[in-house]
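Report on the following structure.
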Amino acid sequence: MVTRNVASTFDLLPAIDLRGGRVVRLEQGDFDRETAFSDDPVAIARSFVDAGARWLHVVDLDGARSGTPRHRGVASAIAGVTRGLARIEVAGGLRSDGAIDDAIALGARRVVLGTAALRHPDWVGRVIERLGPACVVVALDIRDGQAVGEGWRIGASGIPVEDAIARLLDVGVATFEVTAIERDGL
């Protein structure tokens, strides 16, 4: 177990998961078990803000799967309509400095790193040095006590959650978002 003297906060983050330009939900991260909710992600963002959300979690599922962001335009439009009302964080396919810089340029206040953070914690440390710890979040997908990259892929290898957290704390990560894969989307 990882124990550190760190103050904790808890924020609700309504998620806008994007696949094929639509807002969807995947059951347990399974791309074959998708429920579509809307063809208008910007309207969904507005409804979350109107309901009081101060942060929005915009996930490019296509980008997560391919390793390269695919929904920059949608994320930019969401940032535009929520500017001054809510902040957004962008996730999915952010595996290079260029992709991270693009996300910040389109209006994201934070970038969320997942698979790349587990595979390259030293790189995450360099991103934090450049942007600051408040701008970088690490998403941990947890299955059977393991933090796994490519959490949607059954059988994806992982490392014990405690080890992942300790490594990432050591490189300066201050914010984690954790998903229990077996309950995700249910």
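Going through the structure tokens in order, the chains are called A, B, and so on, while each chain numbers its residues from 1 and the ligands are numbered from 1 in the order shown.
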
Pro69 of chain A surroundings by only C-alpha atoms, 7 Å radius, close-in-sequence under 3 positions cut, as a list in words: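 Answer for this query is Asp60, Gly63, Arg72, Gly92, Gly93 and Leu94 of chain A.
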
Selection near Ser38 of chain A, 8 Å with only C-alpha atoms, sequence-local residues under 6 positions removed, as an MDAnalysis selection string: chainID A and resid 22:24 44

Write a file of the selected residues as a PDB file, in the first residue's frame, keeping C-alpha atoms.
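File produced: selection-v5.pdb:
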```pdb
ATOM      1  CA  ARG A  22     -20.859  10.363 -31.085  1.00  0.00           C
ATOM      2  CA  VAL A  23     -21.157  10.348 -27.302  1.00  0.00           C
ATOM      3  CA  VAL A  24     -21.062   6.707 -26.209  1.00  0.00           C
ATOM      4  CA  ILE A  44     -24.082  17.169 -24.041  1.00  0.00           C
TER       5      ILE A  44
END
```

Nearby residues (only C-alpha atoms) at most 10 Å from segment 159-166 of chain A, same-chain spacing under 3 positions excluded, as a list in words: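 Here the answer would be Met1, Val2, Thr3, Arg4, Ala117, Leu118, Arg119, Pro121, Val138, Leu140, Asp141, Ile142, Arg143, Asp144, Gly145, Gln146, Ala147, Val148, Gly149, Leu169, Asp170, Val171, Val173 and Phe176 of chain A.
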
Those of segment 81-178 of chain A in DSSP helix (DSSP H, G or I), formatted as a CSV table (one decimal) with C-alpha atoms, in the first residue's frame:
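This went into out02.csv:
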```
chain,number,residue,atom,x,y,z
A,81,VAL,CA,-18.7,26.6,-25.5
A,82,THR,CA,-17.6,25.9,-21.9
A,97,ASP,CA,4.6,15.9,-26.7
A,98,GLY,CA,2.9,17.1,-29.9
A,99,ALA,CA,-0.5,15.5,-29.1
A,100,ILE,CA,-0.3,17.0,-25.6
A,101,ASP,CA,0.6,20.5,-26.9
A,102,ASP,CA,-2.4,20.2,-29.4
A,103,ALA,CA,-4.7,19.4,-26.5
A,104,ILE,CA,-3.6,22.4,-24.5
A,105,ALA,CA,-3.8,24.7,-27.5
A,115,THR,CA,-1.4,3.8,-21.4
A,116,ALA,CA,1.7,6.0,-22.1
A,117,ALA,CA,2.0,6.8,-18.4
A,118,LEU,CA,2.3,3.2,-17.4
A,119,ARG,CA,4.8,2.4,-20.2
A,121,PRO,CA,6.7,7.2,-16.4
A,122,ASP,CA,9.9,9.1,-17.0
A,123,TRP,CA,8.3,10.8,-20.0
A,124,VAL,CA,5.3,11.7,-17.8
A,125,GLY,CA,7.8,13.3,-15.4
A,126,ARG,CA,9.2,15.5,-18.3
A,127,VAL,CA,5.7,16.5,-19.3
A,128,ILE,CA,5.0,17.5,-15.7
A,129,GLU,CA,8.2,19.5,-15.6
A,130,ARG,CA,7.2,21.4,-18.7
A,131,LEU,CA,3.5,22.0,-17.9
A,133,PRO,CA,1.6,19.0,-12.0
A,134,ALA,CA,-1.8,20.8,-12.2
A,135,CYS,CA,-2.0,20.2,-15.9
A,161,VAL,CA,-1.6,-0.8,-8.7
A,162,GLU,CA,0.5,0.2,-5.7
A,163,ASP,CA,3.7,-0.1,-7.8
A,164,ALA,CA,2.2,2.0,-10.6
A,165,ILE,CA,1.1,4.7,-8.1
A,166,ALA,CA,4.5,4.8,-6.4
A,167,ARG,CA,6.4,5.1,-9.7
A,168,LEU,CA,4.1,7.9,-10.9
A,169,LEU,CA,4.2,9.8,-7.6
A,170,ASP,CA,8.0,9.6,-7.8
```

Ser47 of chain A environment, 12 Å, only C-alpha atoms, sequence neighbours closer than 6 positions dropped, as a PyMOL selection string: chain A and resi 14-16+38+40-41+53-54+56+78+81-82+85-86

Just to confirm, what's the straight-line distance from atom CA of Thr179 of chain A to atom CA of Ala139 of chain A in Å (one decimal)? 7.6 Å

Write down as number ranges by chain the residues belonging to segment 32-106 of chain A that are assigned strand (DSSP E) by DSSP computed on the backbone. A: 32-38, 55-60, 87-91

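As for atom CA of Ser96 of chain A and atom CA of Arg19 of chain A, they are spaced 20.7 Å apart.
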
Just checking: using only C-alpha atoms, which residue out of A:Leu106, A:Gly158, A:Glu34, A:Ala91 ends up closest to Gly67 of chain A?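 Checking each of A:Leu106, A:Gly158, A:Glu34, A:Ala91 against Gly67 of chain A, counting only C-alpha atoms, the winner is A:Ala91.
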